[in-house]
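Coordinates as given in input.csv (CSV, C-alpha atoms):
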```csv
chain,number,residue,atom,x,y,z
I,12,MET,CA,53.4,42.3,75.1
I,13,LEU,CA,50.2,40.3,74.9
I,14,PRO,CA,47.9,43.4,74.8
I,15,ILE,CA,49.9,44.9,72.0
I,16,MET,CA,49.7,41.6,70.0
I,17,GLY,CA,45.9,41.6,70.6
I,18,VAL,CA,45.5,45.2,69.4
I,19,VAL,CA,47.6,44.6,66.3
I,20,ILE,CA,45.6,41.4,65.4
I,21,ALA,CA,42.3,43.2,66.1
I,22,PHE,CA,43.2,46.2,63.9
I,23,GLY,CA,44.4,43.8,61.1
I,24,MET,CA,41.1,41.9,61.2
I,25,ARG,CA,39.0,45.0,61.3
I,26,GLU,CA,40.9,46.5,58.3
I,27,TRP,CA,40.6,43.2,56.3
I,28,ARG,CA,36.9,43.1,57.0
I,29,ARG,CA,36.4,46.7,56.0
I,30,GLU,CA,38.7,47.0,53.0
I,31,VAL,CA,38.9,43.5,51.5
I,32,GLY,CA,35.8,41.8,52.8
I,33,LYS,CA,33.5,44.8,52.1
I,34,GLY,CA,32.0,44.5,55.6
I,35,ALA,CA,32.0,40.7,55.7
I,36,MET,CA,34.5,38.2,57.2
I,37,SER,CA,34.0,34.5,58.0
I,38,TYR,CA,35.5,33.0,61.1
I,39,GLY,CA,38.0,31.0,59.1
I,40,ARG,CA,39.2,34.2,57.2
I,41,GLY,CA,39.5,36.0,60.5
I,42,LEU,CA,41.5,33.2,62.0
I,43,GLY,CA,43.7,33.1,58.9
I,44,THR,CA,44.3,36.8,59.0
I,45,GLY,CA,45.2,36.7,62.7
I,46,LEU,CA,47.6,33.8,62.1
I,47,LEU,CA,49.3,35.6,59.2
I,48,ILE,CA,49.8,38.7,61.4
I,49,THR,CA,51.2,36.4,64.1
I,50,ILE,CA,53.6,34.7,61.7
I,51,TRP,CA,54.9,38.0,60.3
I,52,SER,CA,55.3,39.6,63.7
I,53,THR,CA,57.1,36.5,65.0
I,54,LEU,CA,59.5,36.6,62.0
I,55,PHE,CA,60.3,40.2,62.8
I,56,SER,CA,60.7,39.3,66.5
I,57,ILE,CA,63.2,36.5,65.6
I,58,VAL,CA,65.3,39.0,63.6
I,59,PHE,CA,65.3,41.4,66.5
I,60,GLN,CA,66.1,38.8,69.1
I,61,VAL,CA,69.0,37.5,67.1
I,62,ILE,CA,70.4,41.0,66.7
I,63,TYR,CA,69.8,41.7,70.4
I,64,PHE,CA,71.2,38.5,71.8
I,65,ILE,CA,74.3,38.4,69.5
I,66,PHE,CA,75.2,42.0,68.9
I,67,ILE,CA,73.5,44.4,71.4
I,68,ASN,CA,73.6,42.3,74.6
I,69,PRO,CA,75.7,39.2,74.2
I,70,GLY,CA,75.9,38.7,77.9
I,71,TYR,CA,72.1,38.5,78.4
I,72,SER,CA,72.0,34.7,78.8
I,73,GLU,CA,74.7,34.8,81.5
I,74,ALA,CA,73.0,37.6,83.3
I,75,LEU,CA,69.8,35.7,83.3
I,76,TYR,CA,71.5,32.6,84.6
I,77,GLN,CA,73.2,34.6,87.4
I,78,PHE,CA,69.8,36.1,88.3
I,79,GLN,CA,68.2,32.7,88.6
I,80,VAL,CA,71.1,31.4,90.8
I,81,ALA,CA,70.8,34.4,93.1
I,82,GLU,CA,67.0,33.8,93.4
I,83,MET,CA,67.7,30.2,94.3
I,84,GLU,CA,70.2,31.2,96.9
I,85,ARG,CA,67.8,33.8,98.3
I,86,LYS,CA,65.2,31.1,98.7
I,87,GLY,CA,67.7,29.0,100.7
I,88,MET,CA,68.4,26.2,98.2
I,89,ALA,CA,71.5,24.1,99.0
I,90,GLU,CA,74.6,24.8,96.9
I,91,ASP,CA,74.7,21.2,95.7
I,92,VAL,CA,71.2,21.4,94.3
I,93,ILE,CA,72.1,24.7,92.5
I,94,SER,CA,75.2,23.1,91.0
I,95,LYS,CA,73.3,20.0,89.9
I,96,ALA,CA,70.7,22.3,88.2
I,97,GLU,CA,73.4,24.4,86.4
I,98,PRO,CA,73.7,22.4,83.1
I,99,ALA,CA,69.9,22.4,82.6
I,100,MET,CA,69.6,26.0,83.5
I,101,ARG,CA,72.4,27.0,81.2
I,102,PHE,CA,70.8,25.0,78.3
I,103,MET,CA,67.4,26.5,78.9
I,104,MET,CA,68.8,30.1,79.1
I,105,SER,CA,71.0,29.8,76.1
I,106,THR,CA,70.4,32.2,73.2
I,107,PRO,CA,68.9,29.6,70.8
I,108,MET,CA,66.5,28.3,73.5
I,109,LEU,CA,65.4,31.8,74.5
I,110,ILE,CA,64.6,32.4,70.8
I,111,VAL,CA,62.7,29.1,70.5
I,112,PHE,CA,60.7,29.7,73.6
I,113,GLY,CA,59.9,33.2,72.3
I,114,VAL,CA,58.7,31.8,69.0
I,115,ILE,CA,56.6,29.1,70.6
I,116,GLY,CA,55.0,31.6,73.0
I,117,ALA,CA,54.3,34.1,70.3
I,118,ILE,CA,52.6,31.6,68.0
I,119,PHE,CA,50.6,30.0,70.9
I,120,PHE,CA,49.3,33.3,72.2
I,121,GLY,CA,48.8,34.6,68.6
I,122,LEU,CA,46.7,31.5,67.9
I,123,VAL,CA,44.6,32.0,71.1
I,124,LEU,CA,44.0,35.7,70.4
I,125,SER,CA,43.2,35.0,66.7
I,126,LEU,CA,40.6,32.3,67.8
I,127,ILE,CA,38.9,34.8,70.1
I,128,LEU,CA,39.1,37.9,67.9
I,129,ALA,CA,38.0,36.0,64.8
I,130,ALA,CA,34.7,35.3,66.6
I,131,VAL,CA,34.4,39.0,67.6
I,132,PHE,CA,35.1,40.4,64.1
I,133,LYS,CA,33.1,37.7,62.2
I,134,ALA,CA,30.4,39.4,60.1
I,135,GLU,CA,28.0,38.1,57.5
I,136,ALA,CA,27.7,39.9,54.2
I,137,SER,CA,24.7,42.2,54.0
I,138,ASN,CA,22.9,43.6,51.0
I,139,ALA,CA,23.2,47.1,52.4
I,140,PRO,CA,25.9,49.2,50.8
I,141,VAL,CA,29.1,49.5,52.8
I,142,PRO,CA,30.2,53.1,53.4
I,143,PRO,CA,33.6,54.0,52.1
I,144,PRO,CA,36.4,54.1,54.7
I,145,ALA,CA,36.9,57.4,56.4
I,146,GLU,CA,39.8,59.5,55.1
I,147,ALA,CA,42.6,60.0,57.6
```

In C-alpha cells, how does this file's structure come out?
Amino acid sequence: MLPIMGVVIAFGMREWRREVGKGAMSYGRGLGTGLLITIWSTLFSIVFQVIYFIFINPGYSEALYQFQVAEMERKGMAEDVISKAEPAMRFMMSTPMLIVFGVIGAIFFGLVLSLILAAVFKAEASNAPVPPPAEA
C-alpha cells in the first residue's frame, strides 16, 4: 500500500507543479499538497473500512483474534498467558481500533512520503517559458 501512496502523492505534486505552479513549487507547497492528498485518501479509506468491517466482513475482527491466538499457541505460549492477553487483544483488534490504527498509519506514512517527495519535486521559478502540458 505504501508504494501506491507514494506514487499518488508524487503524481499529485508533479501535476500541481506543472499546472498550477507553472513549473515552480516551494517545499512548503509540496508538503501541503502531499498532506492534502493524504487527508483525502485517508477519508476515503475510512469510509471503505467502515463499510467493509460492518457490512461486507463483520467477522473480520474475530477472525483476526483467532489467528493471533493460533499463532500464540503455535509458538508454545501457555494457555493462561493467552487467556490473560485476551481482553487487550480483543480491544486492539476491535473494529474501531483497527480503523484508528489505519488512520494513524496512513497519516504518518503520508507525512513521511510528503516530506521526502516535496524535496524531490521542489522547483524554483525560472524566466524560461513553460511548455504547455502534453495532450493525452

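The two atoms in question, atom CA of I:Arg40 and atom CA of I:Ser125, are spaced 10.3 Å apart.
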
- request: Fewer than 3 positions away in the same chain doesn't count, so skip those; otherwise give me all residues within 10 Å of I:Val80, counting only C-alpha atoms, as a ChimeraX atom specification.
  value: /I:74-77,83-86,88,90,93-94,96-97,100

field: Shell around I:Tyr38 at 7 Å using all atoms listed in the file, local window under 3 positions removed, as a list in words
entry: Gly41, Leu42, Ala129, Ala130 and Lys133 of chain I

- prompt: Distance atom CA of I:Met24-atom CA of I:Leu128, one decimal place?
  reply: 8.1 Å

message: One decimal, in Å: what's the spacing between atom CA of I:Ala134 and atom CA of I:Met36?
response: 5.2 Å

- request: Find the spatial neighbours of I:Gln60, counting all atoms listed in the file, within a cut-off of 10 Å - ignore same-chain residues fewer than 6 positions away - and output them as a PyMOL selection string.
  value: chain I and resi 54+66-68+106-107+109-110+113

field: I:Met108 surroundings by only C-alpha atoms, 12 Å radius, close-in-sequence under 3 positions cut, as a list in words
entry: Ile57, Gln60, Val61, Phe64, Ser72, Ala99, Met100, Arg101, Phe102, Met103, Met104, Ser105, Val111, Phe112, Gly113, Val114, Ile115 and Gly116 of chain I

Can you write out the residues you just picked, keeping C-alpha atoms, as a compact mmCIF listing (two decimals), keeping the file's coordinate frame?
```txt
# COMPACT_ATOMS: atom_id res chain seq x y z
CA ILE I 57 63.20 36.50 65.60
CA GLN I 60 66.10 38.80 69.10
CA VAL I 61 69.00 37.50 67.10
CA PHE I 64 71.20 38.50 71.80
CA SER I 72 72.00 34.70 78.80
CA ALA I 99 69.90 22.40 82.60
CA MET I 100 69.60 26.00 83.50
CA ARG I 101 72.40 27.00 81.20
CA PHE I 102 70.80 25.00 78.30
CA MET I 103 67.40 26.50 78.90
CA MET I 104 68.80 30.10 79.10
CA SER I 105 71.00 29.80 76.10
CA VAL I 111 62.70 29.10 70.50
CA PHE I 112 60.70 29.70 73.60
CA GLY I 113 59.90 33.20 72.30
CA VAL I 114 58.70 31.80 69.00
CA ILE I 115 56.60 29.10 70.60
CA GLY I 116 55.00 31.60 73.00
```

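All protein, DNA and RNA residues at most 9 Å from (48.1, 35.0, 69.0) are Leu13, Met16, Gly17, Ile20, Gly45, Leu46, Ile48, Thr49, Gly116, Ala117, Ile118, Phe119, Phe120, Gly121, Leu122, Val123, Leu124, Ser125 and Leu126 of chain I, using only C-alpha atoms.
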
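Distances from I:Tyr71, I:Tyr63, I:Phe132, I:Trp51 to I:Ser37 were compared using only C-alpha atoms, and the smallest one belongs to I:Phe132.
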
Would you mind completing stretch 46-57 of chain I so that it carries all heavy atoms, and writing it out as an mmCIF file, in the frame of the given file?
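Result file is selection_4.cif:
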```
data_model
loop_
_atom_site.group_PDB
_atom_site.id
_atom_site.type_symbol
_atom_site.label_atom_id
_atom_site.label_comp_id
_atom_site.auth_asym_id
_atom_site.auth_seq_id
_atom_site.Cartn_x
_atom_site.Cartn_y
_atom_site.Cartn_z
ATOM 1 N N LEU I 46 46.423 34.652 62.140
ATOM 2 C CA LEU I 46 47.600 33.800 62.100
ATOM 3 C C LEU I 46 48.694 34.385 61.194
ATOM 4 O O LEU I 46 49.888 34.297 61.508
ATOM 5 C CB LEU I 46 47.256 32.386 61.712
ATOM 6 C CG LEU I 46 46.506 31.596 62.771
ATOM 7 C CD1 LEU I 46 46.120 30.227 62.241
ATOM 8 C CD2 LEU I 46 47.329 31.469 64.042
ATOM 9 N N LEU I 47 48.284 34.969 60.060
ATOM 10 C CA LEU I 47 49.300 35.600 59.200
ATOM 11 C C LEU I 47 49.954 36.785 59.899
ATOM 12 O O LEU I 47 51.173 36.965 59.796
ATOM 13 C CB LEU I 47 48.625 36.083 57.892
ATOM 14 C CG LEU I 47 48.400 34.999 56.850
ATOM 15 C CD1 LEU I 47 47.608 35.559 55.667
ATOM 16 C CD2 LEU I 47 49.722 34.434 56.374
ATOM 17 N N ILE I 48 49.182 37.570 60.606
ATOM 18 C CA ILE I 48 49.800 38.700 61.400
ATOM 19 C C ILE I 48 50.714 38.133 62.425
ATOM 20 O O ILE I 48 51.815 38.659 62.623
ATOM 21 C CB ILE I 48 48.645 39.533 62.008
ATOM 22 C CG1 ILE I 48 47.848 40.250 60.928
ATOM 23 C CG2 ILE I 48 49.227 40.529 63.015
ATOM 24 C CD1 ILE I 48 46.568 40.887 61.415
ATOM 25 N N THR I 49 50.324 37.055 63.094
ATOM 26 C CA THR I 49 51.200 36.400 64.100
ATOM 27 C C THR I 49 52.472 35.923 63.512
ATOM 28 O O THR I 49 53.554 36.132 64.079
ATOM 29 C CB THR I 49 50.413 35.281 64.802
ATOM 30 O OG1 THR I 49 49.261 35.805 65.442
ATOM 31 C CG2 THR I 49 51.280 34.564 65.808
ATOM 32 N N ILE I 50 52.387 35.264 62.375
ATOM 33 C CA ILE I 50 53.600 34.700 61.700
ATOM 34 C C ILE I 50 54.549 35.829 61.336
ATOM 35 O O ILE I 50 55.754 35.751 61.596
ATOM 36 C CB ILE I 50 53.209 33.831 60.540
ATOM 37 C CG1 ILE I 50 52.556 32.543 61.039
ATOM 38 C CG2 ILE I 50 54.427 33.516 59.672
ATOM 39 C CD1 ILE I 50 51.888 31.724 59.968
ATOM 40 N N TRP I 51 54.026 36.873 60.712
ATOM 41 C CA TRP I 51 54.900 38.000 60.300
ATOM 42 C C TRP I 51 55.526 38.679 61.499
ATOM 43 O O TRP I 51 56.719 38.991 61.495
ATOM 44 C CB TRP I 51 54.143 38.973 59.418
ATOM 45 C CG TRP I 51 54.067 38.508 58.008
ATOM 46 C CD1 TRP I 51 52.975 38.007 57.380
ATOM 47 C CD2 TRP I 51 55.132 38.445 57.066
ATOM 48 N NE1 TRP I 51 53.300 37.640 56.091
ATOM 49 C CE2 TRP I 51 54.613 37.902 55.866
ATOM 50 C CE3 TRP I 51 56.471 38.795 57.103
ATOM 51 C CZ2 TRP I 51 55.398 37.707 54.730
ATOM 52 C CZ3 TRP I 51 57.250 38.590 55.959
ATOM 53 C CH2 TRP I 51 56.717 38.061 54.806
ATOM 54 N N SER I 52 54.736 38.915 62.537
ATOM 55 C CA SER I 52 55.300 39.600 63.700
ATOM 56 C C SER I 52 56.338 38.695 64.394
ATOM 57 O O SER I 52 57.334 39.179 64.924
ATOM 58 C CB SER I 52 54.204 39.999 64.686
ATOM 59 O OG SER I 52 53.593 38.862 65.260
ATOM 60 N N THR I 53 56.114 37.375 64.361
ATOM 61 C CA THR I 53 57.100 36.500 65.000
ATOM 62 C C THR I 53 58.379 36.456 64.152
ATOM 63 O O THR I 53 59.469 36.427 64.743
ATOM 64 C CB THR I 53 56.487 35.030 65.025
ATOM 65 O OG1 THR I 53 55.296 35.072 65.814
ATOM 66 C CG2 THR I 53 57.459 34.058 65.646
ATOM 67 N N LEU I 54 58.288 36.504 62.834
ATOM 68 C CA LEU I 54 59.500 36.600 62.000
ATOM 69 C C LEU I 54 60.309 37.841 62.323
ATOM 70 O O LEU I 54 61.539 37.794 62.465
ATOM 71 C CB LEU I 54 59.156 36.507 60.534
ATOM 72 C CG LEU I 54 58.654 35.158 60.033
ATOM 73 C CD1 LEU I 54 58.198 35.268 58.580
ATOM 74 C CD2 LEU I 54 59.719 34.094 60.183
ATOM 75 N N PHE I 55 59.632 38.983 62.436
ATOM 76 C CA PHE I 55 60.300 40.200 62.800
ATOM 77 C C PHE I 55 60.918 40.129 64.192
ATOM 78 O O PHE I 55 62.009 40.622 64.450
ATOM 79 C CB PHE I 55 59.387 41.431 62.688
ATOM 80 C CG PHE I 55 59.054 41.806 61.275
ATOM 81 C CD1 PHE I 55 57.738 41.853 60.856
ATOM 82 C CD2 PHE I 55 60.044 42.101 60.357
ATOM 83 C CE1 PHE I 55 57.417 42.198 59.550
ATOM 84 C CE2 PHE I 55 59.737 42.443 59.045
ATOM 85 C CZ PHE I 55 58.424 42.486 58.644
ATOM 86 N N SER I 56 60.210 39.478 65.088
ATOM 87 C CA SER I 56 60.700 39.300 66.500
ATOM 88 C C SER I 56 61.949 38.443 66.479
ATOM 89 O O SER I 56 62.884 38.720 67.239
ATOM 90 C CB SER I 56 59.601 38.684 67.319
ATOM 91 O OG SER I 56 60.092 38.416 68.614
ATOM 92 N N ILE I 57 61.988 37.386 65.676
ATOM 93 C CA ILE I 57 63.200 36.500 65.600
ATOM 94 C C ILE I 57 64.382 37.334 65.161
ATOM 95 O O ILE I 57 65.466 37.228 65.754
ATOM 96 C CB ILE I 57 62.932 35.332 64.676
ATOM 97 C CG1 ILE I 57 61.925 34.365 65.275
ATOM 98 C CG2 ILE I 57 64.239 34.604 64.368
ATOM 99 C CD1 ILE I 57 61.442 33.307 64.301
#
```
